[in-house]
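The structure file protein-v3.cif is reproduced below (mmCIF, C-alpha atoms).
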```cif
data_input
#
loop_
_atom_site.label_atom_id
_atom_site.label_comp_id
_atom_site.auth_asym_id
_atom_site.auth_seq_id
_atom_site.Cartn_x
_atom_site.Cartn_y
_atom_site.Cartn_z
CA MET B 345 -98.17 -105.88 -39.80
CA PRO B 346 -96.38 -102.99 -38.04
CA GLU B 347 -92.76 -102.31 -38.85
CA VAL B 348 -90.22 -100.28 -36.90
CA LYS B 349 -87.12 -99.03 -38.70
CA ILE B 350 -84.17 -97.91 -36.61
CA LEU B 351 -81.74 -95.65 -38.48
CA ASP B 352 -78.46 -97.14 -37.27
CA GLU B 353 -76.30 -94.16 -38.26
CA VAL B 354 -78.60 -91.66 -36.49
CA CYS B 355 -79.01 -93.67 -33.26
CA LYS B 356 -76.64 -92.69 -30.44
CA GLY B 357 -77.33 -95.76 -28.32
CA CYS B 358 -78.66 -93.81 -25.33
CA GLY B 359 -81.03 -96.67 -24.49
CA LEU B 360 -84.00 -94.45 -23.53
CA CYS B 361 -86.27 -96.51 -25.82
CA CYS B 362 -85.08 -99.78 -24.24
CA ASP B 363 -85.92 -98.90 -20.63
CA ASP B 364 -89.58 -99.46 -19.59
CA VAL B 365 -90.89 -97.68 -22.69
CA CYS B 366 -91.92 -100.46 -25.06
CA PRO B 367 -95.16 -102.12 -23.81
CA VAL B 368 -94.05 -105.48 -25.25
CA ASP B 369 -90.37 -104.97 -24.37
CA ILE B 370 -88.82 -105.85 -27.73
CA LEU B 371 -86.12 -103.13 -27.89
CA ILE B 372 -82.50 -103.71 -26.88
CA LEU B 373 -79.14 -102.15 -27.71
CA ALA B 374 -77.42 -104.36 -30.30
CA PRO B 375 -74.72 -106.17 -28.29
CA ASP B 376 -72.53 -107.18 -31.26
CA ARG B 377 -72.80 -104.22 -33.64
CA ILE B 378 -71.62 -100.58 -33.65
CA ASN B 379 -72.29 -97.69 -36.03
CA SER B 380 -69.67 -95.37 -37.55
CA SER B 381 -69.79 -93.10 -34.46
CA GLY B 382 -69.01 -96.07 -32.20
CA TYR B 383 -72.44 -96.40 -30.58
CA HIS B 384 -74.39 -99.64 -30.17
CA PRO B 385 -77.67 -98.83 -32.00
CA ALA B 386 -81.05 -99.99 -30.74
CA MET B 387 -82.60 -103.04 -32.39
CA ILE B 388 -85.89 -104.95 -32.39
CA THR B 389 -85.81 -108.51 -31.09
CA ASP B 390 -89.26 -109.70 -32.19
CA MET B 391 -91.01 -107.57 -34.81
CA GLU B 392 -94.18 -109.70 -34.72
CA GLN B 393 -95.12 -108.48 -31.23
CA CYS B 394 -94.96 -104.77 -32.18
CA LYS B 395 -98.23 -102.83 -31.73
CA ALA B 396 -97.02 -99.69 -33.60
CA CYS B 397 -97.82 -97.52 -30.55
CA GLY B 398 -94.91 -95.18 -31.36
CA PHE B 399 -93.75 -94.85 -27.73
CA CYS B 400 -90.15 -95.58 -28.77
CA TYR B 401 -90.35 -92.79 -31.36
CA MET B 402 -91.72 -90.34 -28.78
CA VAL B 403 -88.83 -90.75 -26.34
CA CYS B 404 -86.11 -90.88 -29.04
CA PRO B 405 -84.05 -87.68 -28.90
CA GLU B 406 -82.71 -87.95 -32.46
CA PRO B 407 -85.38 -89.18 -33.71
CA ALA B 408 -83.80 -92.30 -35.19
CA ILE B 409 -86.98 -94.42 -35.19
CA GLU B 410 -89.61 -94.69 -37.91
CA VAL B 411 -92.86 -96.59 -37.36
CA TYR B 412 -94.96 -98.02 -40.21
CA LYS B 413 -98.22 -99.93 -40.25
CA MET I 771 -97.61 -99.53 -45.62
CA LYS I 772 -98.51 -96.24 -43.97
CA LYS I 773 -95.87 -94.17 -42.21
CA LEU I 774 -97.13 -93.42 -38.69
CA PHE I 775 -94.14 -91.78 -37.04
CA SER I 776 -90.93 -90.41 -38.55
CA ARG I 777 -88.67 -87.36 -38.44
CA PRO I 778 -91.03 -84.37 -39.03
CA GLU I 779 -90.57 -81.92 -41.92
CA GLY I 780 -90.20 -79.16 -39.34
CA LEU I 781 -86.68 -80.49 -38.71
CA THR I 782 -83.85 -80.54 -41.24
CA ASP I 783 -81.96 -83.74 -42.06
CA THR I 784 -78.89 -82.52 -40.15
CA LEU I 785 -77.86 -84.91 -37.40
CA MET I 786 -78.12 -83.27 -33.98
CA ARG I 787 -74.84 -82.88 -32.13
CA TYR I 788 -76.28 -83.39 -28.67
CA CYS I 789 -74.96 -86.02 -26.26
CA PRO I 790 -76.75 -89.40 -26.17
CA GLY I 791 -79.90 -89.15 -24.03
CA CYS I 792 -80.12 -85.34 -24.10
CA GLY I 793 -83.65 -83.93 -23.74
CA HIS I 794 -83.10 -81.17 -26.34
CA GLY I 795 -83.71 -83.59 -29.22
CA ILE I 796 -87.13 -84.59 -27.89
CA VAL I 797 -88.23 -80.94 -27.59
CA HIS I 798 -86.83 -80.15 -31.07
CA ARG I 799 -88.84 -83.04 -32.48
CA ILE I 800 -92.07 -81.85 -30.79
CA ILE I 801 -91.63 -78.27 -32.09
CA GLY I 802 -90.79 -79.63 -35.57
CA GLU I 803 -94.05 -81.61 -35.56
CA LEU I 804 -96.11 -78.64 -34.36
CA LEU I 805 -94.73 -76.34 -37.07
CA ILE I 806 -96.23 -78.73 -39.62
CA GLU I 807 -99.43 -79.62 -37.69
CA LEU I 808 -100.36 -75.97 -37.19
CA GLY I 809 -99.27 -75.04 -40.73
CA ILE I 810 -97.02 -72.22 -39.54
CA ARG I 811 -93.60 -73.36 -40.75
CA GLU I 812 -93.30 -70.77 -43.56
CA ARG I 813 -94.03 -67.81 -41.28
CA THR I 814 -92.20 -68.94 -38.14
CA VAL I 815 -89.06 -67.25 -36.85
CA GLY I 816 -87.17 -69.16 -34.17
CA ILE I 817 -84.61 -67.73 -31.77
CA ALA I 818 -81.65 -69.97 -30.97
CA PRO I 819 -80.02 -69.42 -27.55
CA VAL I 820 -76.42 -69.50 -26.40
CA GLY I 821 -75.81 -72.93 -24.90
CA CYS I 822 -75.84 -76.50 -26.21
CA SER I 823 -78.70 -75.61 -28.56
CA VAL I 824 -76.81 -72.70 -30.15
CA PHE I 825 -76.82 -74.68 -33.40
CA ALA I 826 -80.64 -74.98 -33.33
CA ASP I 827 -80.71 -72.89 -36.53
CA GLU I 828 -79.25 -75.91 -38.34
CA TYR I 829 -81.89 -78.26 -36.94
CA PHE I 830 -85.20 -76.35 -37.30
CA ASN I 831 -86.57 -76.09 -40.83
CA CYS I 832 -87.76 -72.48 -40.40
CA ASP I 833 -86.15 -69.04 -40.23
CA MET I 834 -83.83 -68.72 -37.25
CA ILE I 835 -81.83 -65.94 -35.57
CA GLN I 836 -79.10 -66.32 -32.97
CA PRO I 837 -79.06 -63.18 -30.78
CA PRO I 838 -76.59 -62.26 -27.99
CA HIS I 839 -76.61 -64.36 -24.81
CA GLY I 840 -79.92 -64.15 -22.94
CA ARG I 841 -81.56 -61.61 -25.25
CA GLY I 842 -83.93 -64.06 -26.93
CA PRO I 843 -87.13 -62.54 -25.47
CA ALA I 844 -86.04 -59.00 -26.40
CA VAL I 845 -85.18 -59.96 -29.98
CA SER I 846 -88.39 -62.03 -30.26
CA ALA I 847 -90.44 -59.07 -29.07
CA GLY I 848 -88.77 -56.84 -31.66
CA ILE I 849 -89.48 -59.27 -34.51
CA LYS I 850 -93.08 -59.76 -33.38
CA ARG I 851 -93.72 -55.99 -33.21
CA ALA I 852 -92.12 -55.34 -36.60
CA ARG I 853 -93.71 -58.36 -38.33
CA PRO I 854 -96.90 -59.26 -36.38
CA GLU I 855 -97.84 -61.91 -38.97
CA CYS I 856 -94.78 -63.99 -38.00
CA ILE I 857 -94.94 -66.68 -35.34
CA VAL I 858 -91.94 -66.12 -33.06
CA PHE I 859 -90.61 -68.62 -30.55
CA SER I 860 -87.60 -68.18 -28.32
CA TYR I 861 -85.83 -71.43 -27.42
CA GLN I 862 -83.69 -70.96 -24.32
CA GLY I 863 -81.82 -72.95 -21.72
CA ASP I 864 -81.41 -72.22 -18.03
CA GLY I 865 -78.05 -70.49 -18.47
CA ASP I 866 -79.49 -68.25 -21.16
CA LEU I 867 -82.89 -67.48 -19.61
CA GLY I 868 -82.27 -68.06 -15.91
CA SER I 869 -78.99 -66.24 -15.37
CA ILE I 870 -77.77 -63.74 -17.97
CA GLY I 871 -81.19 -63.18 -19.55
CA THR I 872 -83.29 -62.79 -16.37
CA ALA I 873 -84.01 -59.11 -16.97
CA ALA I 874 -85.01 -59.72 -20.59
CA ILE I 875 -87.48 -62.51 -19.72
CA ILE I 876 -89.06 -60.67 -16.77
CA HIS I 877 -89.69 -57.50 -18.78
CA ALA I 878 -90.95 -59.39 -21.84
CA ALA I 879 -93.39 -61.21 -19.52
CA ALA I 880 -94.42 -58.01 -17.74
CA ARG I 881 -95.12 -56.28 -21.07
CA SER I 882 -97.03 -59.44 -22.14
CA GLU I 883 -95.28 -59.53 -25.51
CA ASN I 884 -97.11 -61.89 -27.85
CA ILE I 885 -94.27 -64.42 -28.07
CA THR I 886 -93.74 -68.07 -27.14
CA VAL I 887 -90.80 -68.99 -24.93
CA VAL I 888 -89.57 -72.59 -24.64
CA PHE I 889 -87.40 -72.82 -21.53
CA ILE I 890 -85.26 -75.94 -21.13
CA ASN I 891 -84.36 -76.50 -17.48
CA ASN I 892 -81.66 -79.13 -16.97
CA ALA I 893 -80.36 -77.73 -13.65
CA ILE I 894 -76.82 -77.25 -14.96
CA PHE I 895 -74.70 -75.33 -17.47
CA GLY I 896 -74.34 -78.11 -20.04
CA MET I 897 -72.25 -76.59 -22.83
CA THR I 898 -69.49 -75.08 -20.69
CA GLY I 899 -68.88 -78.30 -18.77
CA GLY I 900 -71.48 -78.91 -16.05
CA GLN I 901 -71.03 -75.84 -13.81
CA MET I 902 -73.59 -74.81 -11.20
CA ALA I 903 -76.53 -72.90 -12.71
CA PRO I 904 -79.19 -70.75 -11.00
CA THR I 905 -81.47 -73.78 -11.34
CA THR I 906 -79.09 -76.34 -9.74
CA LEU I 907 -80.89 -78.16 -6.92
CA PRO I 908 -79.76 -77.79 -3.27
CA GLY I 909 -77.16 -80.49 -2.55
CA MET I 910 -76.66 -81.28 -6.23
CA LYS I 911 -73.06 -81.81 -7.34
CA SER I 912 -71.60 -79.91 -10.29
CA THR I 913 -68.05 -79.08 -11.39
CA THR I 914 -68.15 -75.78 -9.46
CA SER I 915 -69.96 -77.24 -6.43
CA PRO I 916 -68.14 -80.59 -5.99
CA LYS I 917 -69.53 -81.04 -2.46
CA GLY I 918 -73.07 -80.25 -3.55
CA ARG I 919 -74.87 -76.90 -3.70
CA ASP I 920 -74.79 -75.34 -0.22
CA VAL I 921 -77.73 -72.93 0.06
CA ARG I 922 -75.92 -70.83 2.70
CA LYS I 923 -73.02 -70.22 0.31
CA HIS I 924 -74.58 -70.45 -3.14
CA GLY I 925 -78.16 -69.43 -2.50
CA TYR I 926 -81.39 -71.11 -3.57
CA PRO I 927 -82.42 -72.24 -7.04
CA MET I 928 -84.67 -70.02 -9.08
CA LYS I 929 -88.16 -71.26 -9.91
CA VAL I 930 -88.90 -69.40 -13.13
CA CYS I 931 -92.57 -70.38 -13.55
CA GLU I 932 -93.45 -69.39 -9.97
CA MET I 933 -91.52 -66.14 -10.34
CA LEU I 934 -93.24 -65.16 -13.60
CA ALA I 935 -96.64 -66.20 -12.20
CA SER I 936 -96.33 -63.33 -9.71
CA LEU I 937 -96.60 -60.91 -12.66
CA ASP I 938 -99.88 -59.93 -14.31
CA GLY I 939 -98.47 -60.05 -17.85
CA PRO I 940 -98.12 -63.76 -18.75
CA TYR I 941 -101.08 -65.44 -20.44
CA TYR I 942 -99.98 -69.07 -20.09
CA LEU I 943 -97.25 -70.66 -17.94
CA GLU I 944 -96.70 -74.37 -17.53
CA ARG I 945 -93.93 -76.66 -16.33
CA CYS I 946 -93.56 -80.02 -18.11
CA ALA I 947 -90.90 -82.74 -18.37
CA VAL I 948 -89.65 -85.08 -21.08
CA ASP I 949 -88.65 -88.08 -18.96
CA THR I 950 -91.53 -90.48 -19.73
CA VAL I 951 -93.86 -91.09 -22.67
CA LYS I 952 -96.75 -89.62 -20.66
CA ASN I 953 -94.83 -86.43 -19.91
CA VAL I 954 -93.62 -86.12 -23.52
CA VAL I 955 -97.26 -86.27 -24.69
CA LYS I 956 -98.21 -83.64 -22.08
CA THR I 957 -95.33 -81.43 -23.22
CA LYS I 958 -96.53 -81.61 -26.80
CA LYS I 959 -100.05 -80.68 -25.71
CA ALA I 960 -98.72 -77.70 -23.75
CA LEU I 961 -96.55 -76.49 -26.64
CA LYS I 962 -99.51 -76.78 -28.99
CA ILE I 963 -101.56 -74.58 -26.64
CA VAL I 964 -98.89 -71.87 -26.53
CA PHE I 965 -98.30 -71.80 -30.30
CA GLN I 966 -102.09 -71.60 -30.79
CA ASN I 967 -102.25 -68.77 -28.22
CA GLN I 968 -99.73 -66.82 -30.25
CA ILE I 969 -101.68 -67.41 -33.47
CA ASP I 970 -104.79 -66.10 -31.61
CA ASP I 971 -102.78 -63.05 -30.37
CA LYS I 972 -103.22 -63.81 -26.67
CA GLY I 973 -99.94 -62.62 -25.14
CA PHE I 974 -96.83 -63.93 -23.42
CA CYS I 975 -96.62 -67.72 -23.00
CA LEU I 976 -93.79 -69.77 -21.50
CA ILE I 977 -93.33 -73.52 -21.19
CA GLU I 978 -90.61 -74.70 -18.83
CA ILE I 979 -89.41 -78.21 -19.67
CA LEU I 980 -87.40 -80.33 -17.23
CA SER I 981 -84.85 -82.06 -19.40
CA MET I 982 -82.08 -84.61 -18.96
CA CYS I 983 -78.37 -83.75 -19.12
CA PRO I 984 -76.66 -87.14 -18.57
CA THR I 985 -73.16 -85.80 -19.37
CA GLY I 986 -73.43 -82.79 -17.06
CA TRP I 987 -74.95 -84.83 -14.24
CA GLY I 988 -72.40 -87.66 -14.57
CA GLN I 989 -75.12 -90.29 -15.09
CA THR I 990 -76.17 -92.71 -17.78
CA PRO I 991 -79.13 -91.59 -19.95
CA VAL I 992 -81.45 -94.06 -18.18
CA GLN I 993 -80.30 -92.92 -14.70
CA ALA I 994 -80.74 -89.29 -15.80
CA LYS I 995 -84.28 -90.01 -16.99
CA LYS I 996 -85.16 -91.52 -13.60
CA TRP I 997 -83.45 -88.67 -11.71
CA THR I 998 -85.53 -86.14 -13.67
CA GLY I 999 -88.72 -87.92 -12.69
CA GLU I 1000 -87.87 -88.65 -9.05
CA VAL I 1001 -85.65 -85.82 -7.79
CA MET I 1002 -86.03 -82.89 -10.14
CA SER I 1003 -89.82 -83.09 -10.54
CA ALA I 1004 -90.10 -83.24 -6.74
CA TYR I 1005 -88.38 -79.83 -6.40
CA TYR I 1006 -89.81 -78.24 -9.53
CA SER I 1007 -93.48 -79.23 -9.39
CA LEU I 1008 -95.04 -79.93 -12.78
CA GLY I 1009 -98.28 -78.21 -13.69
CA VAL I 1010 -100.02 -75.15 -15.06
CA TYR I 1011 -99.05 -71.94 -13.25
CA ARG I 1012 -101.14 -69.48 -15.23
CA ASP I 1013 -103.95 -69.95 -17.71
CA ARG I 1014 -105.83 -66.76 -18.47
CA SER I 1015 -108.24 -68.56 -20.82
CA LYS I 1016 -109.74 -70.33 -17.79
CA GLU I 1017 -109.69 -67.22 -15.61
CA ALA I 1018 -111.77 -65.36 -18.23
CA LYS I 1019 -114.57 -67.92 -17.90
#
```

Any chance you could give the structure as structure tokens?
Amino acid sequence: MPEVKILDEVCKGCGLCCDDVCPVDILILAPDRINSSGYHPAMITDMEQCKACGFCYMVCPEPAIEVYK
Amino acid sequence: MKKLFSRPEGLTDTLMRYCPGCGHGIVHRIIGELLIELGIRERTVGIAPVGCSVFADEYFNCDMIQPPHGRGPAVSAGIKRARPECIVFSYQGDGDLGSIGTAAIIHAAARSENITVVFINNAIFGMTGGQMAPTTLPGMKSTTSPKGRDVRKHGYPMKVCEMLASLDGPYYLERCAVDTVKNVVKTKKALKIVFQNQIDDKGFCLIEILSMCPTGWGQTPVQAKKWTGEVMSAYYSLGVYRDRSKEAK
């Protein structure tokens, strides 16, 4: 099963991965959590739907996303 | 479990100090991947510009030099002539390449120096606080053109790819963007072509990349991404402006 790891301390919460990028739309900015820089990091809502396409990684400027399969 | 995508070895572990949603990080990541894919990391010398990416020497895991403002192409040409076995890329923004370094880039292109230039066009001077750049679009607001760029007063933006395509020297010129997944993939393909051209000793190659500057534009990262695709790409048409490999056939 694919797995996406989001490095919370690296993510700057820009939201580029959450906007029309994920084909199954499972990325959001964590509404109730901030990292030590004060940003809301991205998070996965439903890991089971992930296809490991890597689109989120490709648009991530940091890159704070790691994709495993 | 197999790792499919993660931070490439061509980048160091240093966290990038760019604003959230900045396009620089995406281009850094692509170059970092190509350094490993093409197996050229050990013999690559990168040129960091003056601008937001002035600290690029901390981010790329290869040798880096930070020359005076705008002189990236001149310094790259010097390194390439002295050490032809090195792969030299000059990473420049629109303030560095489009304004103070215009003479350096034009003459490096005219001499067809065997270097690779990565030109980040975000239509604004990002580091100094969002002032009007030579690439600012007509009507676009910046801190020094609060009513929008008036072409009668401030002149017209400079289209670097079109300008360099009028010269005989360049081997490969292309304009890409990093706003969508499709364009990011295209940008990587273009950068791979130009690094390969340098390995094959073909001559001067430049890739212009339309990039987001949410802070300078006063937009959110998602708005900036859409603006790049809708407004900026309409003025600066994406595409290949020169490809000598096809002309030869």

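You will find atom CA of Tyr829 of chain I at 9.1 Å from atom CA of Gly802 of chain I.
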
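For chain I, the residues no farther than 6 Å from chain B when using only C-alpha atoms are Met771, Lys772, Lys773, Leu774, Phe775, Ser776, Pro790, Gly791, Gly795, Ile796, Pro991 and Val992 of chain I.
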
If you measure from atom CA of Ala873 of chain I to atom CA of His794 of chain I, what distance in Å do you get, rounded to one decimal?
24.0 Å

Listed atoms of segment 951-959 of chain I boxed along x, y and z, 8 Å each side, centre and edge lengths in Å, one decimal, as JSON:
```
{"center_x": -96.8, "center_y": -85.9, "center_z": -23.4, "size_x": 22.4, "size_y": 26.4, "size_z": 22.9}
```

Gap from atom CA of Ile835 of chain I to atom CA of Thr985 of chain I - Å, one decimal
27.1 Å

Name the residues captured by the PyMOL selection byres ((chain I and resi 888) around 8) when it is applied to the shown file; answer as a tab-separated table (two decimals) with C-alpha atoms, in the frame of the given file.
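Result file is result02.tsv:
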```tsv
chain	number	residue	atom	x	y	z
I	859	PHE	CA	-90.61	-68.62	-30.55
I	860	SER	CA	-87.60	-68.18	-28.32
I	861	TYR	CA	-85.83	-71.43	-27.42
I	862	GLN	CA	-83.69	-70.96	-24.32
I	886	THR	CA	-93.74	-68.07	-27.14
I	887	VAL	CA	-90.80	-68.99	-24.93
I	889	PHE	CA	-87.40	-72.82	-21.53
I	890	ILE	CA	-85.26	-75.94	-21.13
I	976	LEU	CA	-93.79	-69.77	-21.50
I	977	ILE	CA	-93.33	-73.52	-21.19
I	978	GLU	CA	-90.61	-74.70	-18.83
I	979	ILE	CA	-89.41	-78.21	-19.67
```

Running the PyMOL selection byres ((chain I and resi 823) around 12) on this model by hand, what would come out? Give it as an NGL selection string.
:I and (786-789 or 792-795 or 797-798 or 817-822 or 824-830 or 836 or 860-866 or 888-890 or 895-897)

Using only C-alpha atoms, the shortest atom-to-atom distance to Ser846 of chain I among I:Ile894, I:Cys832, I:Glu812, I:Phe974 belongs to I:Phe974

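Every residue that the PyMOL selection byres ((chain B and resi 378) around 12) selects in this file is listed here: Asp352, Glu353, Val354, Cys355, Lys356, Gly357, Leu373, Ala374, Pro375, Asp376, Arg377, Asn379, Ser380, Ser381, Gly382, Tyr383, His384, Pro385, Ala386 and Met387 of chain B.
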
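Ranking I:Ala893, I:Ala879, I:Ala960, I:Val845 by their shortest atom-to-atom distance to Arg919 of chain I, with only C-alpha atoms included, puts I:Ala893 first.
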
Which neighbours of segment 1006-1011 of chain I fall inside 9 Å, counting only C-alpha atoms, when residues of the same chain fewer than 2 positions from it are skipped, and could you give them as a count of residues only?
17

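Omitting Ser882 of chain I and its sequence neighbours fewer than 6 positions away, and counting only C-alpha atoms, the residues within 8 Å are I:Gly939, I:Pro940, I:Tyr941, I:Gly973, I:Phe974.
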
Kindly indicate which residue among I:Leu867, I:Ile801, I:Val948, I:Val815 lies nearest to Thr905 of chain I, using all atoms listed in the file for the distances.
I:Leu867

Could you pull the residues within 9 Å of Leu808 of chain I, counting all atoms listed in the file, minus those fewer than 5 positions along the same chain, as an mmCIF file with C-alpha atoms, keeping the file's coordinate frame?
```cif
data_model
loop_
_atom_site.group_PDB
_atom_site.id
_atom_site.type_symbol
_atom_site.label_atom_id
_atom_site.label_comp_id
_atom_site.auth_asym_id
_atom_site.auth_seq_id
_atom_site.Cartn_x
_atom_site.Cartn_y
_atom_site.Cartn_z
ATOM 1 C CA GLU I 803 -94.050 -81.610 -35.560
ATOM 2 C CA LYS I 962 -99.510 -76.780 -28.990
ATOM 3 C CA PHE I 965 -98.300 -71.800 -30.300
ATOM 4 C CA GLN I 966 -102.090 -71.600 -30.790
#
```

Between I:Gly842, I:Asp949, I:Asp920, I:Asn967, single out the one closest to Gly999 of chain I, counting all atoms listed in the file.
I:Asp949
